[in-house]
Every structure is written in C-alpha cells, then in structure tokens.
>>> print(open('upload-v2.cif').read())   # mmCIF, C-alpha atoms
data_final
loop_
_atom_site.label_atom_id
_atom_site.label_comp_id
_atom_site.auth_asym_id
_atom_site.auth_seq_id
_atom_site.Cartn_x
_atom_site.Cartn_y
_atom_site.Cartn_z
CA MET A 1 27.36 -87.12 3.40
CA ASP A 2 25.27 -85.59 6.16
CA TYR A 3 26.47 -82.21 7.49
CA PRO A 4 25.27 -80.41 10.62
CA ASN A 5 23.06 -77.39 9.93
CA ASP A 6 25.44 -75.18 11.88
CA GLN A 7 28.55 -76.38 10.08
CA ALA A 8 30.92 -73.40 10.22
CA PRO A 9 32.91 -72.53 7.07
CA GLY A 10 36.39 -73.97 7.44
CA ALA A 11 35.40 -76.27 10.30
CA PRO A 12 36.40 -79.96 10.11
CA VAL A 13 33.86 -81.94 8.10
CA ARG A 14 31.25 -83.43 10.45
CA TYR A 15 33.39 -82.14 13.32
CA GLY A 16 35.98 -84.86 12.77
CA ILE A 17 33.64 -87.82 13.27
CA PRO A 18 34.95 -90.87 11.33
CA GLU A 19 32.68 -92.47 8.74
CA HIS A 20 32.19 -95.53 10.97
CA GLY A 21 30.82 -93.21 13.65
CA ARG A 22 33.11 -94.39 16.46
CA ILE A 23 34.65 -91.30 17.97
CA PRO A 24 37.52 -91.46 20.49
CA LYS A 25 36.54 -90.39 23.99
CA TYR A 26 39.22 -87.70 24.17
CA TYR A 27 37.91 -86.15 20.94
CA ALA A 28 34.36 -86.03 22.27
CA VAL A 29 35.69 -84.21 25.35
CA LYS A 30 37.74 -81.91 23.12
CA ALA A 31 34.62 -80.95 21.14
CA ARG A 32 32.76 -80.12 24.36
CA LEU A 33 35.74 -78.12 25.63
CA ASP A 34 35.72 -76.19 22.35
CA ARG A 35 32.19 -75.00 23.12
CA LEU A 36 33.15 -74.25 26.72
CA ILE A 37 36.08 -72.14 25.47
CA GLU A 38 33.68 -70.00 23.43
CA ASP A 39 31.51 -69.42 26.51
CA LEU A 40 34.45 -68.55 28.77
CA GLY A 41 36.06 -66.08 26.37
CA GLU A 42 39.67 -64.95 26.22
CA GLY A 43 41.45 -65.22 29.57
CA GLY A 44 38.69 -67.37 31.08
CA LEU A 45 39.91 -69.98 33.55
CA LEU A 46 39.24 -73.59 32.59
CA PRO A 47 37.88 -75.84 35.34
CA THR A 48 40.33 -78.33 36.83
CA GLU A 49 40.95 -81.71 35.21
CA ARG A 50 39.20 -83.33 38.16
CA ASP A 51 36.10 -81.15 37.74
CA LEU A 52 36.01 -81.78 33.99
CA SER A 53 36.45 -85.53 34.35
CA GLU A 54 33.49 -85.62 36.75
CA ARG A 55 31.39 -83.34 34.52
CA TYR A 56 32.01 -85.41 31.38
CA GLU A 57 32.22 -88.79 33.22
CA VAL A 58 35.59 -89.76 31.76
CA ALA A 59 39.05 -90.51 33.15
CA ARG A 60 41.33 -87.59 33.97
CA GLU A 61 43.86 -88.83 31.39
CA THR A 62 41.14 -88.47 28.71
CA VAL A 63 40.57 -84.87 29.77
CA ARG A 64 44.32 -84.29 29.89
CA GLN A 65 44.77 -85.48 26.30
CA ALA A 66 41.96 -83.21 25.07
CA ILE A 67 43.44 -80.21 26.88
CA ARG A 68 46.91 -81.05 25.58
CA GLU A 69 45.69 -80.90 21.98
CA LEU A 70 43.85 -77.62 22.55
CA VAL A 71 47.03 -76.12 24.03
CA LEU A 72 49.02 -77.25 20.98
CA GLU A 73 46.38 -75.71 18.71
CA GLY A 74 46.70 -72.41 20.57
CA LYS A 75 43.14 -72.33 21.91
CA LEU A 76 44.27 -72.76 25.51
CA ARG A 77 47.45 -71.76 27.31
CA ARG A 78 49.02 -72.64 30.63
CA GLN A 79 49.06 -69.92 33.24
CA GLY A 80 50.66 -70.75 36.55
CA ARG A 81 49.01 -73.89 37.84
CA GLY A 82 45.88 -73.39 35.72
CA THR A 83 44.78 -73.30 32.09
CA VAL A 84 43.11 -70.30 30.48
CA VAL A 85 41.52 -69.50 27.13
CA ALA A 86 44.10 -68.08 24.75
CA GLY A 87 43.61 -65.03 22.55
CA PRO A 88 43.33 -65.18 18.76
CA LYS A 89 46.42 -66.16 16.78
CA LEU A 90 48.60 -63.48 15.25
CA GLU A 91 48.08 -63.23 11.49
CA GLN A 92 51.30 -62.61 9.61
CA PRO A 93 51.01 -61.75 5.89
CA LEU A 94 53.17 -63.66 3.43
CA SER A 95 54.66 -60.61 1.78
CA LEU A 96 57.74 -58.42 1.79
CA ALA A 97 56.20 -56.45 4.66
CA SER A 98 58.18 -56.73 7.87
CA TYR A 99 57.21 -58.59 11.02
CA THR A 100 56.86 -55.20 12.71
CA GLU A 101 54.17 -54.05 10.27
CA GLY A 102 52.23 -57.32 10.57
CA VAL A 103 52.06 -57.19 14.37
CA ARG A 104 51.18 -53.49 14.50
CA ARG A 105 48.23 -54.03 12.16
CA GLN A 106 46.68 -56.20 14.89
CA GLY A 107 47.00 -53.56 17.56
CA LEU A 108 49.95 -55.19 19.33
CA THR A 109 53.37 -53.78 20.10
CA PRO A 110 56.13 -55.54 18.13
CA GLY A 111 59.56 -55.98 19.59
CA ARG A 112 62.84 -57.79 19.13
CA HIS A 113 65.60 -58.76 21.49
CA LEU A 114 69.16 -59.34 20.26
CA VAL A 115 70.52 -62.84 20.84
CA THR A 116 73.69 -62.60 18.78
CA LEU A 117 75.35 -60.52 16.06
CA ASP A 118 78.49 -61.92 14.52
CA ARG A 119 80.28 -62.26 11.18
CA PHE A 120 81.89 -65.19 9.42
CA PRO A 121 82.99 -66.29 5.92
CA CYS A 122 80.03 -67.27 3.72
CA PRO A 123 79.80 -71.10 3.66
CA ASP A 124 79.03 -73.13 0.55
CA THR A 125 75.39 -73.81 1.45
CA LEU A 126 74.58 -70.13 2.03
CA ALA A 127 76.41 -69.13 -1.16
CA ALA A 128 74.43 -71.68 -3.17
CA GLU A 129 71.11 -70.42 -1.77
CA THR A 130 71.72 -66.71 -2.14
CA GLY A 131 74.24 -66.18 -4.92
CA LEU A 132 76.75 -64.62 -2.51
CA ARG A 133 80.41 -65.44 -3.03
CA ARG A 134 81.84 -68.31 -1.04
CA GLY A 135 84.10 -66.97 1.72
CA GLU A 136 82.95 -63.35 1.59
CA PRO A 137 82.18 -61.84 5.03
CA VAL A 138 78.55 -62.31 6.12
CA TRP A 139 76.65 -60.88 9.09
CA HIS A 140 74.48 -63.20 11.18
CA LEU A 141 71.80 -61.34 13.14
CA GLU A 142 69.75 -63.51 15.53
CA ARG A 143 66.84 -61.97 17.43
CA LEU A 144 63.86 -63.03 19.54
CA LEU A 145 60.52 -61.85 18.16
CA LEU A 146 58.12 -60.28 20.66
CA ALA A 147 54.45 -59.26 20.59
CA ASP A 148 53.36 -57.21 23.62
CA ASP A 149 56.53 -58.51 25.34
CA GLU A 150 55.49 -62.14 24.75
CA ARG A 151 58.17 -64.27 23.08
CA VAL A 152 56.63 -65.63 19.88
CA GLY A 153 59.51 -66.49 17.57
CA LEU A 154 63.18 -66.50 16.68
CA GLU A 155 64.70 -64.92 13.57
CA SER A 156 68.11 -65.37 11.94
CA THR A 157 69.15 -62.97 9.19
CA TYR A 158 72.21 -63.41 6.98
CA VAL A 159 73.42 -60.47 4.89
CA ALA A 160 76.71 -59.65 3.17
CA VAL A 161 78.95 -57.30 5.15
CA SER A 162 79.65 -55.41 1.91
CA ARG A 163 75.96 -54.40 1.70
CA VAL A 164 75.74 -53.07 5.27
CA PRO A 165 79.32 -52.68 6.58
CA ARG A 166 78.25 -50.69 9.67
CA LEU A 167 75.40 -52.97 10.74
CA ASP A 168 77.02 -53.59 14.13
CA ALA A 169 77.52 -49.87 14.78
CA ASP A 170 74.52 -48.13 13.20
CA PHE A 171 71.61 -50.58 13.48
CA ASP A 172 69.38 -50.77 16.56
CA PRO A 173 68.73 -54.54 16.92
CA ASP A 174 65.40 -53.87 18.65
CA SER A 175 64.05 -52.11 15.55
CA SER A 176 62.87 -53.18 12.08
CA PHE A 177 65.72 -54.34 9.86
CA TYR A 178 63.66 -53.65 6.72
CA ALA A 179 62.93 -50.07 7.77
CA TRP A 180 66.63 -49.52 8.48
CA LEU A 181 67.62 -50.92 5.08
CA GLY A 182 65.21 -48.44 3.50
CA GLU A 183 66.96 -45.62 5.33
CA GLN A 184 70.22 -46.83 3.79
CA GLY A 185 68.69 -46.55 0.32
CA ILE A 186 68.35 -50.32 -0.12
CA GLY A 187 64.99 -51.46 -1.49
CA PHE A 188 63.50 -54.94 -1.75
CA GLY A 189 62.67 -56.32 -5.18
CA ASP A 190 61.39 -59.85 -4.72
CA ALA A 191 61.85 -62.94 -2.57
CA ASP A 192 61.36 -66.70 -2.51
CA GLU A 193 59.77 -68.28 0.58
CA ARG A 194 59.31 -71.81 1.82
CA ILE A 195 57.21 -72.82 4.84
CA GLU A 196 57.42 -76.04 6.81
CA THR A 197 56.38 -77.42 10.18
CA VAL A 198 59.21 -78.35 12.56
CA LEU A 199 60.00 -78.90 16.21
CA ALA A 200 62.32 -76.41 17.87
CA THR A 201 65.77 -77.52 18.95
CA PRO A 202 66.37 -77.55 22.72
CA ARG A 203 68.24 -74.22 22.40
CA GLU A 204 65.45 -72.62 20.35
CA ALA A 205 62.75 -73.86 22.75
CA LEU A 206 64.69 -72.42 25.68
CA LEU A 207 65.10 -69.04 23.99
CA ILE A 208 61.44 -68.81 22.95
CA GLY A 209 60.22 -70.29 26.23
CA THR A 210 58.15 -73.16 24.82
CA PRO A 211 58.09 -76.94 25.32
CA PRO A 212 60.28 -78.78 22.77
CA ALA A 213 57.20 -80.74 21.62
CA LEU A 214 55.32 -77.60 20.51
CA PRO A 215 55.01 -77.51 16.69
CA MET A 216 56.68 -74.51 15.06
CA LEU A 217 56.18 -72.81 11.71
CA LEU A 218 59.49 -72.27 9.94
CA ILE A 219 59.83 -69.79 7.09
CA HIS A 220 62.90 -69.69 4.85
CA ARG A 221 63.25 -66.50 2.79
CA VAL A 222 65.83 -65.45 0.21
CA SER A 223 65.41 -61.79 -0.78
CA ARG A 224 66.83 -59.73 -3.62
CA ASP A 225 67.04 -55.98 -4.10
CA THR A 226 65.43 -53.94 -6.87
CA GLU A 227 68.40 -54.75 -9.13
CA GLY A 228 67.96 -58.47 -8.63
CA GLN A 229 71.08 -58.80 -6.50
CA PRO A 230 71.09 -61.07 -3.41
CA LEU A 231 70.22 -59.16 -0.27
CA GLU A 232 69.38 -61.42 2.66
CA ARG A 233 68.66 -64.97 3.74
CA VAL A 234 66.22 -65.24 6.66
CA ARG A 235 65.22 -68.19 8.84
CA SER A 236 62.15 -67.28 10.91
CA LEU A 237 60.77 -69.68 13.52
CA TYR A 238 57.26 -68.92 14.80
CA ARG A 239 55.22 -70.55 17.56
CA GLY A 240 52.60 -72.75 15.93
CA ASP A 241 50.13 -72.04 18.74
CA ARG A 242 50.38 -68.25 18.27
CA PHE A 243 50.69 -67.69 14.53
CA SER A 244 48.82 -68.19 11.30
CA PHE A 245 49.87 -66.91 7.89
CA THR A 246 47.76 -65.17 5.26
CA ALA A 247 48.26 -64.49 1.56
CA HIS A 248 46.26 -62.71 -1.11
CA LEU A 249 46.24 -64.61 -4.41
CA GLY A 250 45.45 -62.85 -7.65
CA GLY A 251 43.99 -64.47 -10.73
#
>>> encode(input="upload-v2.cif", output="structure tokens")
Amino acid sequence: MDYPNDQAPGAPVRYGIPEHGRIPKYYAVKARLDRLIEDLGEGGLLPTERDLSERYEVARETVRQAIRELVLEGKLRRQGRGTVVAGPKLEQPLSLASYTEGVRRQGLTPGRHLVTLDRFPCPDTLAAETGLRRGEPVWHLERLLLADDERVGLESTYVAVSRVPRLDADFDPDSSFYAWLGEQGIGFGDADERIETVLATPREALLIGTPPALPMLLIHRVSRDTEGQPLERVRSLYRGDRFSFTAHLGG
C-alpha cells in the first residue's frame, strides 16, 4: 500500500481514500477544509457555504455535508450565524480521579450545576449492579458538567443514603463529590467502567444544549470503597465533539 510521505501518526490510512480510488466529493471538500482549519486556528471564522462552494467548485449541499461532519467531530462549532474553528477536545483520564481534576489539568475551570437531588428505594437493577440492598434508600444526584462555563456533559450519581445521610444538607452540589467523600473519611478502592457511544435523549440534549443527533460518550461506573463495599454508581454523559478519553496501560 502506498502512503503519503507526510502521513501523520494516527491519521486515517491514505487519508480515507478507498482502494478503488473513487472518493466522494464531500470527503474531498472535508479534507481541504481540514487544512483550512489548521491555517485559520482556534476561533477562526470559516468562509460561508456559498464562498466555499465557489472556491471548491461543488454544490452547497456538498460543502454543507463536509461541514456537518467536521462539527460532529468537534473540529468546527456553530457560533451565531457562522461557523468557527473549535478548540482542542478535553482529555479526561480513565481513572478514579474526579472530573474536576481532569479539567483543571488542562487549564480550564471545572464546574457543576445541580439539576436534581432526590432519594428513592433502591430498585432491582441498581441493586444487582452495585450490591446494594433492594429497597434501601438511595440518593440520586444529577448535575450538569461545565468547563469554563460551557455545558459539556451530564452526570447522575447513585449512592446509599446510609453512606452519606446528610448529602442534601452538607454537600455543595457545585463542588467535587469525590473530594467531599474524602473529607467524610470515605476512600475509593476500585471501580469497573464501561464506555459506549449513544445519542442523548431529548431531555438530555436540552439540558446540555446540543442537537439530539450529536454523538455522546457514555461512561458507566460502579465504585467500591477501600473495604470492597459498594459506594456509588455513576452514569456520565459527555459531548462527543468536546471530549476524548485517555488511559495509561502497564505491562
């Protein structure tokens, strides 16, 4: 197979050109827009669809499809009536570190906004996942995740009321839950995580402020304390255009 001399590590092989060599028009435009994005830099304003269609001698719908894919990939973002170059994605480590720590490491200000805090009897499905007792009181803490005041995700945390009986009175919902647990003398031992790609529900899309068609990264986490006892069950929904996840693997 023939590779370009400037093939970047991690780039699509042969820049996505099929073996038969016939490349869709929108993809050719997308590749040219990729180079234009590099020249414009973060925050740079993309020319109008009309200007781009004339520059590349293609239909406006072809340009629109290329731009649509670049928006979904997080390389471009809508701003008012225009389209601008987006900043780099937020890198969140796959570890027991909190969301707060991950965002701060990138020089951004983390934040959370309370959506709901309620309690209910632990249902069968949650009991089966966590080892909690069926019917025991459970807190449900739902919060928007923010980075420099931009809404980037939605997090639901389930924890037994017996572990943190004064959660509703003593915990600041805009702060780190993990840091607060540490202050209560509760330490994390280990956790199991599962990641999948999903589309947000209409409610979730409205809360996060994204189109329902935007792909999301969904992380399920079940955590245990240092004694191996069930501690929390978390469902974290992240914008696919704003997040990537990293992990260090040892041999």
>>> atom_distance(input="upload-v2.cif", atom1="atom CA of Leu199 of chain A", atom2="atom CA of Phe243 of chain A")
14.7 Å
>>> closest_residue(input="upload-v2.cif", among="A:Arg143, A:Arg112, A:Arg60, A:Arg133", to="Ala160 of chain A", atoms="only C-alpha atoms")
A:Arg133
>>> atom_distance(input="upload-v2.cif", atom1="atom CA of Pro123 of chain A", atom2="atom CA of Asp170 of chain A")
25.4 Å
>>> residues_near_point(input="upload-v2.cif", point="(35.8, -73.2, 19.3)", cutoff="12 Å", atoms="only C-alpha atoms", output="ChimeraX atom specification")
/A:8,10-12,15,30-42,70,73-76,85-88
>>> closest_residue(input="upload-v2.cif", among="A:Ala169, A:Val234, A:Leu45, A:Arg50", to="Gly82 of chain A", atoms="all atoms listed in the file")
A:Leu45
>>> residues_near_point(input="upload-v2.cif", point="(61.2, -66.2, 10.0)", cutoff="6 Å", atoms="only C-alpha atoms", output="ChimeraX atom specification")
/A:155,219,235-237
>>> write_last_selection(input="upload-v2.cif", atoms="C-alpha atoms", output="CSV table (one decimal), in the coordinates of the input")
chain,number,residue,atom,x,y,z
A,155,GLU,CA,64.7,-64.9,13.6
A,219,ILE,CA,59.8,-69.8,7.1
A,235,ARG,CA,65.2,-68.2,8.8
A,236,SER,CA,62.2,-67.3,10.9
A,237,LEU,CA,60.8,-69.7,13.5
>>> closest_residue(input="upload-v2.cif", among="A:Arg163, A:Leu154, A:Phe177, A:Leu231", to="Thr201 of chain A", atoms="all atoms listed in the file")
A:Leu154
>>> closest_residue(input="upload-v2.cif", among="A:Gly111, A:Pro230, A:Gly189, A:Pro202", to="Tyr99 of chain A", atoms="all atoms listed in the file")
A:Gly111
>>> atom_distance(input="upload-v2.cif", atom1="atom CA of Thr226 of chain A", atom2="atom CA of Thr246 of chain A")
24.2 Å
>>> residues_around(input="upload-v2.cif", residues="Tyr178 of chain A", least_positions_apart="5", cutoff="12 Å", atoms="only C-alpha atoms", output="list in words")
Leu96, Ala97, Ser98, Tyr99, Thr100, Glu101, Thr157, Phe171, Asp172, Pro173, Glu183, Gln184, Gly185, Ile186, Gly187, Phe188, Ser223, Asp225, Leu231, Glu232 and Val234 of chain A
>>> residues_around(input="upload-v2.cif", residues="segment 24-28 of chain A", least_positions_apart="6", cutoff="12 Å", atoms="all atoms listed in the file", output="PDB file with C-alpha atoms, in the coordinates of the input")
ATOM      1  CA  TYR A  15      33.390 -82.140  13.320  1.00  0.00           C
ATOM      2  CA  GLY A  16      35.980 -84.860  12.770  1.00  0.00           C
ATOM      3  CA  ILE A  17      33.640 -87.820  13.270  1.00  0.00           C
ATOM      4  CA  PRO A  18      34.950 -90.870  11.330  1.00  0.00           C
ATOM      5  CA  ASP A  34      35.720 -76.190  22.350  1.00  0.00           C
ATOM      6  CA  ARG A  35      32.190 -75.000  23.120  1.00  0.00           C
ATOM      7  CA  LEU A  52      36.010 -81.780  33.990  1.00  0.00           C
ATOM      8  CA  SER A  53      36.450 -85.530  34.350  1.00  0.00           C
ATOM      9  CA  TYR A  56      32.010 -85.410  31.380  1.00  0.00           C
ATOM     10  CA  GLU A  57      32.220 -88.790  33.220  1.00  0.00           C
ATOM     11  CA  VAL A  58      35.590 -89.760  31.760  1.00  0.00           C
ATOM     12  CA  ALA A  59      39.050 -90.510  33.150  1.00  0.00           C
ATOM     13  CA  ARG A  60      41.330 -87.590  33.970  1.00  0.00           C
ATOM     14  CA  GLU A  61      43.860 -88.830  31.390  1.00  0.00           C
ATOM     15  CA  THR A  62      41.140 -88.470  28.710  1.00  0.00           C
ATOM     16  CA  VAL A  63      40.570 -84.870  29.770  1.00  0.00           C
ATOM     17  CA  ARG A  64      44.320 -84.290  29.890  1.00  0.00           C
ATOM     18  CA  GLN A  65      44.770 -85.480  26.300  1.00  0.00           C
ATOM     19  CA  ALA A  66      41.960 -83.210  25.070  1.00  0.00           C
ATOM     20  CA  ILE A  67      43.440 -80.210  26.880  1.00  0.00           C
ATOM     21  CA  ARG A  68      46.910 -81.050  25.580  1.00  0.00           C
ATOM     22  CA  GLU A  69      45.690 -80.900  21.980  1.00  0.00           C
ATOM     23  CA  LEU A  70      43.850 -77.620  22.550  1.00  0.00           C
TER      24      LEU A  70
END
>>> closest_residue(input="upload-v2.cif", among="A:Leu72, A:Arg166, A:Ala147, A:Glu91", to="Leu214 of chain A", atoms="only C-alpha atoms")
A:Leu72
>>> closest_residue(input="upload-v2.cif", among="A:Tyr238, A:Phe245, A:Val159, A:Gln79", to="Ala127 of chain A", atoms="all atoms listed in the file")
A:Val159
>>> residues_around(input="upload-v2.cif", residues="Gly240 of chain A", least_positions_apart="3", cutoff="6 Å", atoms="all atoms listed in the file", output="JSON, numbers by chain")
{"A": [215, 216, 217, 243]}
>>> residues_around(input="upload-v2.cif", residues="His140 of chain A", least_positions_apart="4", cutoff="8 Å", atoms="only C-alpha atoms", output="number ranges by chain")
A: 116-120, 156-159
>>> resolve_selection(input="upload-v2.cif", expression="the PyMOL selection byres ((chain A and resi 152) around 7)", output="list in words")
Leu145, Leu146, Ala147, Glu150, Arg151, Gly153, Ile208, Tyr238, Arg239 and Arg242 of chain A
>>> resolve_selection(input="upload-v2.cif", expression="the PyMOL selection byres ((chain A and resi 134) around 12)", output="mmCIF file with C-alpha atoms, keeping the file's coordinate frame")
data_model
loop_
_atom_site.group_PDB
_atom_site.id
_atom_site.type_symbol
_atom_site.label_atom_id
_atom_site.label_comp_id
_atom_site.auth_asym_id
_atom_site.auth_seq_id
_atom_site.Cartn_x
_atom_site.Cartn_y
_atom_site.Cartn_z
ATOM 1 C CA PHE A 120 81.890 -65.190 9.420
ATOM 2 C CA PRO A 121 82.990 -66.290 5.920
ATOM 3 C CA CYS A 122 80.030 -67.270 3.720
ATOM 4 C CA PRO A 123 79.800 -71.100 3.660
ATOM 5 C CA ASP A 124 79.030 -73.130 0.550
ATOM 6 C CA THR A 125 75.390 -73.810 1.450
ATOM 7 C CA LEU A 126 74.580 -70.130 2.030
ATOM 8 C CA ALA A 127 76.410 -69.130 -1.160
ATOM 9 C CA ALA A 128 74.430 -71.680 -3.170
ATOM 10 C CA GLU A 129 71.110 -70.420 -1.770
ATOM 11 C CA THR A 130 71.720 -66.710 -2.140
ATOM 12 C CA GLY A 131 74.240 -66.180 -4.920
ATOM 13 C CA LEU A 132 76.750 -64.620 -2.510
ATOM 14 C CA ARG A 133 80.410 -65.440 -3.030
ATOM 15 C CA GLY A 135 84.100 -66.970 1.720
ATOM 16 C CA GLU A 136 82.950 -63.350 1.590
ATOM 17 C CA PRO A 137 82.180 -61.840 5.030
ATOM 18 C CA VAL A 138 78.550 -62.310 6.120
ATOM 19 C CA ALA A 160 76.710 -59.650 3.170
#
